[in-house]
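Engineer: Structure supplied as input.tsv; contents: TSV, C-alpha atoms.
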```tsv
chain	number	residue	atom	x	y	z
A	5	MET	CA	88.64	82.94	98.22
A	6	THR	CA	90.88	82.86	95.22
A	7	ASP	CA	92.86	86.04	95.79
A	8	ASP	CA	96.08	84.07	95.76
A	9	SER	CA	95.72	83.53	92.06
A	10	LEU	CA	95.43	87.21	91.28
A	11	THR	CA	97.80	88.93	88.91
A	12	PRO	CA	101.40	89.05	90.04
A	13	ASP	CA	102.42	92.43	91.32
A	14	GLU	CA	102.95	95.10	88.78
A	15	PHE	CA	102.48	97.41	91.78
A	16	GLY	CA	104.53	97.86	94.91
A	17	ASP	CA	103.82	97.72	98.62
A	18	ASP	CA	102.14	101.07	98.43
A	19	VAL	CA	99.17	99.71	96.57
A	20	LEU	CA	99.01	96.66	98.81
A	21	ALA	CA	98.84	99.04	101.79
A	22	ALA	CA	96.03	100.90	100.02
A	23	GLU	CA	94.10	97.69	99.40
A	24	TYR	CA	94.59	96.63	102.97
A	25	ALA	CA	93.49	100.02	104.34
A	26	LEU	CA	90.50	99.98	102.05
A	27	GLY	CA	89.61	96.49	103.23
A	28	VAL	CA	89.07	94.86	99.86
A	29	LEU	CA	91.47	91.97	100.42
A	30	THR	CA	90.22	88.63	101.63
A	31	GLY	CA	91.64	85.25	102.51
A	32	GLN	CA	95.37	84.67	102.59
A	33	THR	CA	96.21	87.97	100.88
A	34	HIS	CA	94.41	89.80	103.66
A	35	ALA	CA	96.04	87.71	106.38
A	36	ASP	CA	99.51	88.33	104.91
A	37	ALA	CA	98.92	92.07	104.68
A	38	ALA	CA	97.60	92.15	108.25
A	39	ALA	CA	100.70	90.31	109.48
A	40	ARG	CA	102.95	92.76	107.66
A	41	ALA	CA	101.10	95.76	109.07
A	42	ARG	CA	101.92	94.42	112.53
A	43	THR	CA	105.54	93.53	111.94
A	44	ASP	CA	106.89	95.76	109.16
A	45	PRO	CA	107.07	99.39	110.29
A	46	ALA	CA	107.58	100.77	106.78
A	47	PHE	CA	104.46	98.95	105.61
A	48	ALA	CA	102.54	100.11	108.68
A	49	VAL	CA	103.44	103.70	107.83
A	50	GLU	CA	102.06	103.20	104.33
A	51	VAL	CA	98.86	101.74	105.76
A	52	ASN	CA	98.48	104.67	108.15
A	53	ALA	CA	98.99	107.16	105.35
A	54	TRP	CA	96.31	105.45	103.31
A	55	GLN	CA	93.93	105.31	106.27
A	56	ASP	CA	94.29	109.07	106.62
A	57	ARG	CA	93.77	109.69	102.93
A	58	LEU	CA	90.67	107.52	102.82
A	59	ALA	CA	89.25	108.90	106.07
A	60	ALA	CA	88.55	112.12	104.17
A	61	LEU	CA	85.73	110.16	102.51
A	62	THR	CA	83.85	110.30	105.81
A	63	GLU	CA	83.58	114.06	105.36
A	64	ALA	CA	80.67	113.40	103.03
A	65	VAL	CA	78.81	111.56	105.78
A	66	ALA	CA	76.42	113.71	107.77
A	67	PRO	CA	76.90	113.55	111.55
A	68	VAL	CA	74.04	112.00	113.50
A	69	ALA	CA	73.61	112.57	117.22
A	70	PRO	CA	73.56	109.23	119.04
A	71	PRO	CA	70.61	108.51	121.36
A	72	ARG	CA	70.73	110.48	124.56
A	73	GLY	CA	70.98	107.55	126.95
A	74	LEU	CA	73.89	105.90	125.19
A	75	PHE	CA	76.67	107.81	126.87
A	76	LYS	CA	75.25	106.99	130.26
A	77	ARG	CA	75.61	103.30	129.43
A	78	ILE	CA	79.12	103.79	128.10
A	79	ARG	CA	80.13	105.74	131.16
A	80	ARG	CA	78.66	103.20	133.52
A	81	GLU	CA	80.60	100.45	131.84
A	82	ALA	CA	83.77	102.50	131.45
A	83	PHE	CA	83.93	103.87	134.97
A	84	GLY	CA	82.25	100.93	136.66
A	85	GLU	CA	79.95	103.11	138.69
A	86	ALA	CA	76.41	104.31	138.55
A	87	ARG	CA	76.77	107.83	139.85
A	88	GLY	CA	75.14	110.25	137.54
A	89	GLY	CA	75.99	113.07	135.25
A	90	PHE	CA	75.63	115.95	137.60
A	91	LEU	CA	78.88	115.54	139.45
A	92	ARG	CA	80.84	115.05	136.31
A	93	GLN	CA	79.30	118.09	134.74
A	94	LEU	CA	80.76	120.03	137.61
A	95	GLY	CA	84.06	118.33	137.04
A	96	ILE	CA	84.40	117.25	140.63
A	97	ILE	CA	84.49	113.49	140.32
A	98	PRO	CA	88.30	113.28	140.69
A	99	ALA	CA	88.01	114.89	144.12
A	100	ILE	CA	85.86	112.01	145.28
A	101	MET	CA	88.47	109.42	144.55
A	102	GLY	CA	90.22	109.70	147.88
A	103	ALA	CA	87.04	109.75	149.91
A	104	THR	CA	87.10	106.15	151.06
A	105	ALA	CA	90.53	106.46	152.61
A	106	ALA	CA	89.61	109.81	154.08
A	107	ALA	CA	86.53	108.35	155.70
A	108	VAL	CA	88.58	105.79	157.56
A	109	VAL	CA	90.75	108.54	159.02
A	110	LEU	CA	87.70	110.60	159.77
A	111	TYR	CA	86.02	107.75	161.61
A	112	ALA	CA	88.81	107.69	164.14
A	113	THR	CA	88.80	111.45	164.62
A	114	VAL	CA	85.04	111.52	164.90
A	115	GLN	CA	85.16	108.97	167.68
A	116	LEU	CA	87.81	110.86	169.59
A	117	GLY	CA	87.02	114.41	168.74
A	118	VAL	CA	84.55	117.09	169.32
A	119	PHE	CA	81.60	115.22	167.89
A	120	THR	CA	81.31	112.49	170.45
A	121	GLN	CA	80.84	113.84	173.87
A	122	PRO	CA	79.61	111.50	176.57
A	123	GLY	CA	75.90	110.95	176.27
A	124	GLU	CA	75.70	112.22	172.69
A	125	PRO	CA	74.60	110.00	169.83
A	126	THR	CA	77.27	108.29	167.77
A	127	PRO	CA	77.60	109.31	164.11
A	128	THR	CA	76.22	106.84	161.60
A	129	LEU	CA	77.29	108.66	158.45
A	130	VAL	CA	80.43	110.68	157.78
A	131	ALA	CA	81.94	112.56	154.91
A	132	GLN	CA	85.11	114.44	154.30
A	133	MET	CA	85.06	117.14	151.66
A	134	VAL	CA	88.49	117.89	150.31
A	135	ALA	CA	89.46	120.45	147.68
A	136	GLU	CA	91.62	119.10	144.89
A	137	ASP	CA	94.50	121.30	146.04
A	138	ASN	CA	93.78	120.58	149.73
A	139	THR	CA	93.15	124.26	150.48
A	140	LEU	CA	89.77	123.40	151.96
A	141	VAL	CA	88.98	120.39	154.11
A	142	VAL	CA	85.61	120.05	155.79
A	143	ALA	CA	84.49	117.03	157.80
A	144	ALA	CA	80.89	116.12	158.45
A	145	ALA	CA	79.23	113.58	160.71
A	146	TYR	CA	75.55	112.76	160.85
A	147	THR	CA	73.75	111.34	163.82
A	148	ASP	CA	70.41	109.59	163.55
A	149	ASP	CA	68.59	112.35	165.41
A	150	GLY	CA	68.92	114.43	162.23
A	151	SER	CA	71.96	116.48	163.20
A	152	LEU	CA	74.77	117.04	160.77
A	153	PHE	CA	77.94	118.31	162.42
A	154	VAL	CA	80.20	120.12	160.01
A	155	GLU	CA	83.73	121.00	160.94
A	156	ARG	CA	85.91	123.26	158.82
A	157	ARG	CA	89.39	121.83	159.31
A	158	VAL	CA	91.43	123.63	156.66
A	159	GLY	CA	90.59	126.81	154.78
A	160	ALA	CA	87.77	129.32	154.88
A	161	SER	CA	85.51	131.29	152.58
A	162	ALA	CA	86.96	134.02	150.38
A	163	PRO	CA	86.53	137.59	151.67
A	164	GLY	CA	82.94	138.71	151.24
A	165	ARG	CA	81.86	135.21	150.25
A	166	VAL	CA	80.37	132.25	152.09
A	167	LEU	CA	80.65	128.49	151.93
A	168	GLU	CA	77.41	126.66	151.20
A	169	LEU	CA	76.86	122.97	151.84
A	170	TRP	CA	74.98	120.83	149.32
A	171	LEU	CA	73.60	117.33	149.30
A	172	ILE	CA	73.74	115.54	145.97
A	173	SER	CA	71.79	112.34	145.91
A	174	GLY	CA	71.94	110.13	142.80
A	175	GLU	CA	70.94	112.03	139.69
A	176	ASP	CA	69.04	114.68	141.63
A	177	ALA	CA	69.97	118.32	141.53
A	178	PRO	CA	71.94	119.51	144.58
A	179	VAL	CA	69.89	120.51	147.60
A	180	SER	CA	71.24	123.19	149.92
A	181	LEU	CA	71.84	122.16	153.51
A	182	GLY	CA	72.73	125.68	154.48
A	183	VAL	CA	75.50	128.23	154.66
A	184	LEU	CA	78.44	127.49	156.94
A	185	ALA	CA	79.13	129.91	159.74
A	186	GLN	CA	82.04	132.24	159.08
A	187	ASP	CA	83.02	132.98	162.65
A	188	GLN	CA	83.33	129.43	163.89
A	189	VAL	CA	84.74	126.19	162.57
A	190	LEU	CA	81.92	123.95	163.74
A	191	ASP	CA	78.32	124.04	162.54
A	192	GLN	CA	75.41	121.95	163.65
A	193	ILE	CA	72.81	121.67	160.93
A	194	THR	CA	69.46	119.98	161.35
A	195	VAL	CA	68.80	118.04	158.18
A	196	PRO	CA	65.16	118.44	157.09
A	197	GLU	CA	63.20	115.26	157.65
A	198	GLY	CA	62.53	114.73	153.95
A	199	LEU	CA	66.22	114.75	153.08
A	200	ARG	CA	67.53	112.36	155.73
A	201	ASP	CA	66.91	109.23	153.66
A	202	ARG	CA	68.83	110.71	150.78
A	203	LEU	CA	72.05	111.09	152.74
A	204	THR	CA	73.04	107.43	152.52
A	205	GLY	CA	75.07	106.89	149.35
A	206	GLY	CA	74.96	110.59	148.55
A	207	VAL	CA	77.65	113.20	148.25
A	208	LEU	CA	78.27	116.42	150.14
A	209	ALA	CA	79.74	119.36	148.31
A	210	ILE	CA	80.78	122.87	149.23
A	211	SER	CA	80.42	125.78	146.86
A	212	ASP	CA	81.58	129.36	146.93
A	213	GLU	CA	78.57	131.67	147.10
A	214	PRO	CA	77.67	135.33	147.71
A	215	GLN	CA	76.72	136.51	151.21
A	216	GLY	CA	73.50	134.87	152.31
A	217	GLY	CA	74.02	131.85	150.10
A	218	SER	CA	73.08	130.97	146.55
A	219	PRO	CA	70.30	133.25	145.34
A	220	THR	CA	69.02	130.62	142.90
A	221	GLY	CA	68.70	127.50	145.01
A	222	ALA	CA	71.45	125.82	142.97
A	223	PRO	CA	75.20	126.26	143.29
A	224	THR	CA	76.21	129.46	141.49
A	225	GLY	CA	79.90	129.65	142.36
A	226	ALA	CA	82.75	127.19	142.07
A	227	VAL	CA	82.38	123.82	143.73
A	228	LEU	CA	85.36	123.88	146.06
A	229	ALA	CA	85.29	120.52	147.76
A	230	VAL	CA	83.31	117.33	147.61
A	231	GLY	CA	83.13	114.10	149.56
A	232	GLU	CA	81.16	110.90	149.43
A	233	ILE	CA	78.95	110.10	152.40
A	234	MET	CA	80.17	106.91	154.00
A	235	THR	CA	78.14	104.65	156.24
A	236	LEU	CA	79.89	103.72	159.47
B	4	MET	CA	84.19	125.25	117.32
B	5	THR	CA	86.19	122.26	118.40
B	6	THR	CA	89.51	122.20	116.57
B	7	PRO	CA	91.64	119.17	115.70
B	8	ASP	CA	94.10	120.36	118.35
B	9	ASP	CA	91.33	120.26	120.95
B	10	ILE	CA	90.41	116.74	119.87
B	11	GLU	CA	94.03	115.65	120.05
B	12	HIS	CA	94.32	117.06	123.54
B	13	MET	CA	91.17	115.21	124.61
B	14	ILE	CA	92.45	111.91	123.19
B	15	LEU	CA	95.74	112.30	125.04
B	16	ARG	CA	93.91	113.11	128.29
B	17	VAL	CA	91.61	110.12	127.83
B	18	GLY	CA	94.74	108.00	127.46
B	19	MET	CA	95.71	109.20	130.93
B	20	GLY	CA	92.32	108.23	132.36
B	21	ASP	CA	90.79	111.72	132.49
B	22	ARG	CA	87.04	111.23	132.79
B	23	LYS	CA	86.15	114.81	131.97
B	24	ALA	CA	88.19	114.56	128.79
B	25	PHE	CA	86.36	111.33	127.93
B	26	GLU	CA	83.05	113.11	128.25
B	27	ALA	CA	84.31	116.06	126.22
B	28	LEU	CA	85.67	113.75	123.53
B	29	TYR	CA	82.36	111.94	123.34
B	30	SER	CA	80.36	115.12	123.04
B	31	ALA	CA	82.70	116.55	120.41
B	32	THR	CA	83.05	113.46	118.24
B	33	SER	CA	80.22	110.98	118.81
B	34	ALA	CA	77.87	112.50	116.23
B	35	LYS	CA	80.52	112.27	113.55
B	36	LEU	CA	81.42	108.69	114.45
B	37	PHE	CA	77.79	107.63	114.82
B	38	GLY	CA	77.04	109.09	111.38
B	39	ILE	CA	79.84	107.00	109.89
B	40	MET	CA	78.62	103.88	111.69
B	41	LEU	CA	75.05	104.38	110.49
B	42	ARG	CA	76.28	105.03	106.97
B	43	VAL	CA	78.27	101.79	106.92
B	44	LEU	CA	75.88	99.58	108.87
B	45	LYS	CA	72.51	101.11	107.90
B	46	ASP	CA	71.19	99.68	111.15
B	47	ARG	CA	70.67	101.75	114.27
B	48	ALA	CA	71.01	99.01	116.84
B	49	ALA	CA	74.23	97.74	115.30
B	50	ALA	CA	75.59	101.29	115.01
B	51	GLU	CA	74.84	101.93	118.68
B	52	GLU	CA	76.61	98.74	119.64
B	53	VAL	CA	79.69	99.75	117.64
B	54	LEU	CA	79.65	103.27	119.05
B	55	GLN	CA	79.58	101.93	122.58
B	56	ASP	CA	82.37	99.50	121.78
B	57	VAL	CA	84.57	102.15	120.16
B	58	TYR	CA	84.35	104.60	123.07
B	59	LEU	CA	84.86	101.85	125.62
B	60	ARG	CA	87.98	100.72	123.77
B	61	LEU	CA	89.23	104.29	123.64
B	62	TRP	CA	88.77	104.56	127.38
B	63	GLN	CA	90.27	101.16	128.10
B	64	GLY	CA	93.65	101.92	126.59
B	65	GLY	CA	92.78	102.56	122.95
B	66	ALA	CA	93.46	106.27	123.31
B	67	GLN	CA	97.02	105.47	124.36
B	68	THR	CA	97.73	104.05	120.93
B	69	TYR	CA	97.23	107.48	119.37
B	70	SER	CA	100.48	109.17	118.44
B	71	ALA	CA	100.33	112.91	118.90
B	72	GLY	CA	100.97	114.92	115.79
B	73	LYS	CA	101.35	111.88	113.59
B	74	ALA	CA	98.02	112.06	111.87
B	75	SER	CA	94.86	114.08	112.09
B	76	PRO	CA	93.08	113.01	115.28
B	77	ILE	CA	89.77	113.21	113.46
B	78	SER	CA	91.00	110.95	110.65
B	79	TRP	CA	92.26	108.58	113.31
B	80	LEU	CA	88.87	108.42	115.03
B	81	ALA	CA	87.02	108.22	111.71
B	82	THR	CA	89.23	105.31	110.66
B	83	ILE	CA	88.49	103.47	113.89
B	84	ALA	CA	84.75	104.14	113.48
B	85	ARG	CA	84.79	102.97	109.89
B	86	ASN	CA	86.92	99.90	110.52
B	87	ARG	CA	84.94	98.69	113.51
B	88	SER	CA	81.73	99.24	111.53
B	89	ILE	CA	83.08	97.17	108.65
B	90	ASP	CA	84.02	94.43	111.12
B	91	LYS	CA	80.48	94.48	112.47
B	92	LEU	CA	79.01	94.55	108.99
B	93	ARG	CA	80.94	91.45	108.00
B	94	GLN	CA	79.88	89.74	111.17
B	95	ILE	CA	76.23	90.46	110.36
B	96	ARG	CA	76.48	89.97	106.62
B	97	PRO	CA	79.28	87.60	105.76
B	98	SER	CA	78.15	86.99	102.19
B	99	THR	CA	78.33	89.18	99.13
B	100	THR	CA	75.35	91.44	98.66
B	101	LEU	CA	74.39	93.36	95.59
B	102	ASP	CA	72.47	96.17	97.22
B	103	ASP	CA	73.16	99.49	95.65
B	104	ALA	CA	74.79	101.91	97.98
B	105	PRO	CA	72.66	104.96	98.69
B	106	GLU	CA	73.98	108.24	97.42
B	107	LEU	CA	76.49	109.87	99.70
B	108	ALA	CA	75.00	112.70	101.67
B	109	ASP	CA	75.92	116.15	100.50
B	110	PRO	CA	78.37	117.44	103.10
B	111	ALA	CA	76.99	120.94	102.73
B	112	LYS	CA	73.63	119.73	104.01
B	113	GLY	CA	74.90	118.04	107.14
B	114	PRO	CA	75.05	119.69	110.52
B	115	GLU	CA	78.19	121.54	111.38
B	116	ALA	CA	80.97	119.00	111.14
B	117	LEU	CA	84.24	118.97	112.96
B	118	ALA	CA	86.81	121.39	111.69
B	119	ILE	CA	88.83	119.88	108.91
B	120	ALA	CA	90.75	121.78	106.29
B	121	ALA	CA	88.31	122.64	103.55
B	122	SER	CA	90.99	122.00	100.96
B	123	GLU	CA	91.48	118.48	102.28
B	124	ARG	CA	87.79	117.76	102.03
B	125	ALA	CA	87.54	119.11	98.53
B	126	GLN	CA	90.67	117.34	97.42
B	127	ILE	CA	89.68	113.72	97.86
B	128	PHE	CA	86.36	114.30	96.14
B	129	ALA	CA	87.97	116.32	93.38
B	130	CYS	CA	90.46	113.51	92.88
B	131	LEU	CA	87.71	110.89	92.81
B	132	ASP	CA	86.01	112.98	90.15
B	133	GLU	CA	89.08	112.55	87.97
B	134	LEU	CA	88.46	108.79	87.92
B	135	ASP	CA	85.82	107.03	85.81
B	136	PRO	CA	82.52	107.18	87.69
B	137	ASP	CA	82.49	103.39	88.10
B	138	ARG	CA	85.95	103.35	89.57
B	139	SER	CA	85.23	106.24	91.88
B	140	ALA	CA	82.12	104.38	93.01
B	141	ALA	CA	84.18	101.23	93.57
B	142	VAL	CA	86.62	103.05	95.87
B	143	GLN	CA	83.82	104.69	97.83
B	144	GLY	CA	81.83	101.47	97.92
B	145	ALA	CA	84.77	99.59	99.33
B	146	TYR	CA	85.37	102.25	101.94
B	147	LEU	CA	81.83	102.91	103.12
B	148	ASP	CA	79.97	99.72	102.21
B	149	GLY	CA	82.73	97.30	103.11
B	150	ASP	CA	82.85	95.76	99.66
B	151	THR	CA	85.68	93.32	99.07
B	152	TYR	CA	87.13	92.57	95.65
B	153	ALA	CA	84.65	89.72	95.35
B	154	ASP	CA	81.73	92.03	96.16
B	155	LEU	CA	82.95	94.67	93.76
B	156	ALA	CA	83.53	92.17	90.96
B	157	ALA	CA	79.96	90.95	91.42
B	158	ARG	CA	78.54	94.44	91.59
B	159	PHE	CA	80.29	95.67	88.48
B	160	ASP	CA	80.01	92.28	86.79
B	161	VAL	CA	83.67	91.92	85.91
B	162	PRO	CA	86.18	89.16	86.69
B	163	LEU	CA	87.98	89.43	90.00
B	164	ASN	CA	91.37	90.06	88.40
B	165	THR	CA	89.97	92.82	86.25
B	166	MET	CA	88.41	94.39	89.30
B	167	ARG	CA	91.66	94.26	91.15
B	168	THR	CA	93.62	95.83	88.33
B	169	TRP	CA	90.99	98.55	87.98
B	170	LEU	CA	91.00	99.39	91.62
B	171	ARG	CA	94.77	99.32	92.03
B	172	ARG	CA	95.23	101.72	89.14
B	173	SER	CA	92.51	103.91	90.57
B	174	LEU	CA	94.19	103.96	93.97
B	175	MET	CA	97.52	104.94	92.45
B	176	ARG	CA	95.89	107.72	90.44
B	177	LEU	CA	94.13	108.86	93.58
B	178	LYS	CA	97.39	109.03	95.46
B	179	ASP	CA	99.10	110.94	92.67
B	180	CYS	CA	96.23	113.38	92.57
B	181	LEU	CA	96.20	113.84	96.37
B	182	SER	CA	99.94	114.53	96.46
B	183	ARG	CA	99.74	117.21	93.78
```
So that I can check it, write out the structure of this file as C-alpha cells.
Structural biologist:
Amino acid sequence: MTDDSLTPDEFGDDVLAAEYALGVLTGQTHADAAARARTDPAFAVEVNAWQDRLAALTEAVAPVAPPRGLFKRIRREAFGEARGGFLRQLGIIPAIMGATAAAVVLYATVQLGVFTQPGEPTPTLVAQMVAEDNTLVVAAAYTDDGSLFVERRVGASAPGRVLELWLISGEDAPVSLGVLAQDQVLDQITVPEGLRDRLTGGVLAISDEPQGGSPTGAPTGAVLAVGEIMTL
Amino acid sequence: MTTPDDIEHMILRVGMGDRKAFEALYSATSAKLFGIMLRVLKDRAAAEEVLQDVYLRLWQGGAQTYSAGKASPISWLATIARNRSIDKLRQIRPSTTLDDAPELADPAKGPEALAIAASERAQIFACLDELDPDRSAAVQGAYLDGDTYADLAARFDVPLNTMRTWLRRSLMRLKDCLSR
C-alpha cells in the first residue's frame, strides 16, 4: 500500500478518526490510527463519535431473522451445556446453579433420614428443588422400585393453591408427576414405568397451580423451585 | 416495542452474566445484526459465522466494554456487527473487487426495526443527499461494502490521492450537516 505518500494533512485528527471508523485506511496509516485509537483517549472519543454517526447507515438495511437453530448453537457454546430452551424460557436456570452442592448435602440427609429405613431400598437418584429466595425447599429421592419420595422441607403452597411436581427431561415438555399433599410434608409418588428412564439427567420442578393441579397438563402458574436430578 | 433503554439494560445484564438477558438481547437484536452481516458479506454461511462470533464475544466479556449512556446501544451493536463483518469480508476477499454494490434496501420496506429516533435516521441520509451522488456512494460503499481507498479509487477510476481528498471533504461536510 502506498497510503504513506498521500497528501499531507490539510485536515485534523477528526477526519483521520472518520477514515479510521469508516475503514478506508490501509497499511501503515491504518496501523498508526489503530494504535492511536488504543492509546489516545481524545482520538478514541472522535472515533467513537464517528462510529455512532456512521452506524445510522445501517438503518437502511432490512433486518433478517437468523436461522432458528443458530441461537441454540451459540447458547451451547456460551453456557457450555446442552440443556434445552424450555428451562430458560421459564427463567429458572439460575436456580439450578446450586444443585450440585445441594445434592451432596441431600445425600447425607437421605442416608440418615426418613427415607432409609432398615430393609428399604437405597435411593439411586436425588434432587433438591430450591426457590431462588429459599422460601421453598423440597427434597426428592428415587429408589429403583419406582418410588419417588418427596419431602417438603421449607415452605408450603399458597392458600387455595397446590404445589405440582414436574419432570423435565432434555428438550421435552414438562410431565406432571402429581400434586403434592397439603396436609403432610412427605409424599410417596410412584413414577409411571414409561417415565423412569427419563429421570436420569433430568430436572424436577415445582409449580404453583390451582386446586387439583394444572388443568392443562402443562405448568400454568409460576415455577417456584427447580433442581437437577443427581445420580448417587 | 423494544426501546434503546431496554437494549442498554440487556447489554449491562449480559455483562454481569445474566443468561436470560443474553437470550432477550439475542431475540431483540439478532435480526438487525444479521441483516447488517448479510448486507456486508452477501454470504449466508459467513454471516452466520459472524453472528455466532459476535454474540459469543458479547457473552464472554464483550458486553462489559459497553459504557452505559455513552452512545446509543443500538449504534454500538450495529458498529460491532459491521466491523466484524468487514473483518470477515477482508479475510475472505483480500483483494480489490469491482462488483457494484446492490442498491440499499428501502428502510420503509423492511420489517419493524428497532426503535431509533426517526430524525436521526432521516438525518444521515438527508446529509448524504447533500453530497455529490458519487461521493455519497463512496461513503456508503466504504461503510457497507468494506471498500478501502484503493478499492474506491479503482471503482471510481480516480487516483488514490484524489479519492482520499474527495472522501475527506465529504466526511467533513457530512459532519457539519449532522451537527446542524
Engineer: Pick the closest to chain B from A:Leu61, A:Val49, A:Ala41, A:Leu236: which is it, counting all atoms listed in the file?
Structural biologist: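 Residue with the minimum atom-to-atom distance to chain B: A:Leu61.
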Engineer: Find the residue from A:Glu213, A:Glu155, A:Asp56, A:Asp191 that sits nearest to chain B; use all atoms listed in the file when measuring.
Structural biologist: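 Ranked by minimum distance to chain B, first place goes to A:Asp56.
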Engineer: Mind running chain A against chain B at 6 Å and telling me each contacting residue's nearest atom pair with the distance in Å (one decimal), counting only C-alpha atoms, chain and number ascending, as CSV?
Structural biologist:
```
residue,atom,partner,partner_atom,distance
A:Leu10,CA,B:Asn164,CA,5.7
A:Leu26,CA,B:Tyr146,CA,5.6
A:Val28,CA,B:Thr151,CA,3.8
A:Asp56,CA,B:Ser78,CA,5.5
A:Ala59,CA,B:Ser78,CA,5.3
A:Ala64,CA,B:Pro110,CA,4.6
A:Val65,CA,B:Ala108,CA,5.7
A:Ala66,CA,B:Gly113,CA,4.6
A:Pro67,CA,B:Lys35,CA,4.3
A:Val68,CA,B:Gly38,CA,4.7
A:Ala69,CA,B:Ala34,CA,4.4
A:Ile78,CA,B:Gln55,CA,5.8
A:Ala82,CA,B:Leu59,CA,6.0
```
Engineer: Write out as a list in words the residues lying within 6 Å of segment 144-150 of chain A, counting all atoms listed in the file and excluding same-chain residues fewer than 3 positions away.
Structural biologist: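 Once the adjacent positions are removed, what remains is Pro127, Thr128, Leu129, Val130, Ala131, Phe153, Val154, Thr194 and Val195 of chain A.
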Engineer: Could you pull the residues within 9 Å of Gly182 of chain A, counting only C-alpha atoms, minus those fewer than 2 positions along the same chain, as a ChimeraX atom specification?
Structural biologist: /A:167-170,180,184,193,217
Engineer: For C-alpha atoms, I'd like the residues from the last selection saved as a compact mmCIF listing (two decimals), in the frame of the given file.
Structural biologist:
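File written: part06.txt
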```txt
# COMPACT_ATOMS: atom_id res chain seq x y z
CA LEU A 167 80.65 128.49 151.93
CA GLU A 168 77.41 126.66 151.20
CA LEU A 169 76.86 122.97 151.84
CA TRP A 170 74.98 120.83 149.32
CA SER A 180 71.24 123.19 149.92
CA LEU A 184 78.44 127.49 156.94
CA ILE A 193 72.81 121.67 160.93
CA GLY A 217 74.02 131.85 150.10
```
Engineer: Work out how far apart atom CA of Leu92 of chain B and atom CA of Leu44 of chain B are and give it in Å to one decimal.
Structural biologist: 5.9 Å
Engineer: Find the residue from B:Ala129, B:Ala31, B:Met4, B:Met166 that sits nearest to Ala141 of chain B; use only C-alpha atoms when measuring.
Structural biologist: B:Met166
Engineer: Is there a way to get, as a list in words, all residues within 7 Å of the point (93.3, 106.6, 123.7) in file coordinates, counting only C-alpha atoms?
Structural biologist: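 Result, sorted by chain then residue number: Ile14, Leu15, Val17, Gly18, Leu61, Trp62, Gly64, Gly65, Ala66, Gln67, Thr68 and Tyr69 of chain B.
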Engineer: Figure out the distance between atom CA of Pro70 of chain A and atom CA of Ala177 of chain A, please, to one decimal in Å.
Structural biologist: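 Rounded to one decimal, the two atoms are 24.5 Å apart.
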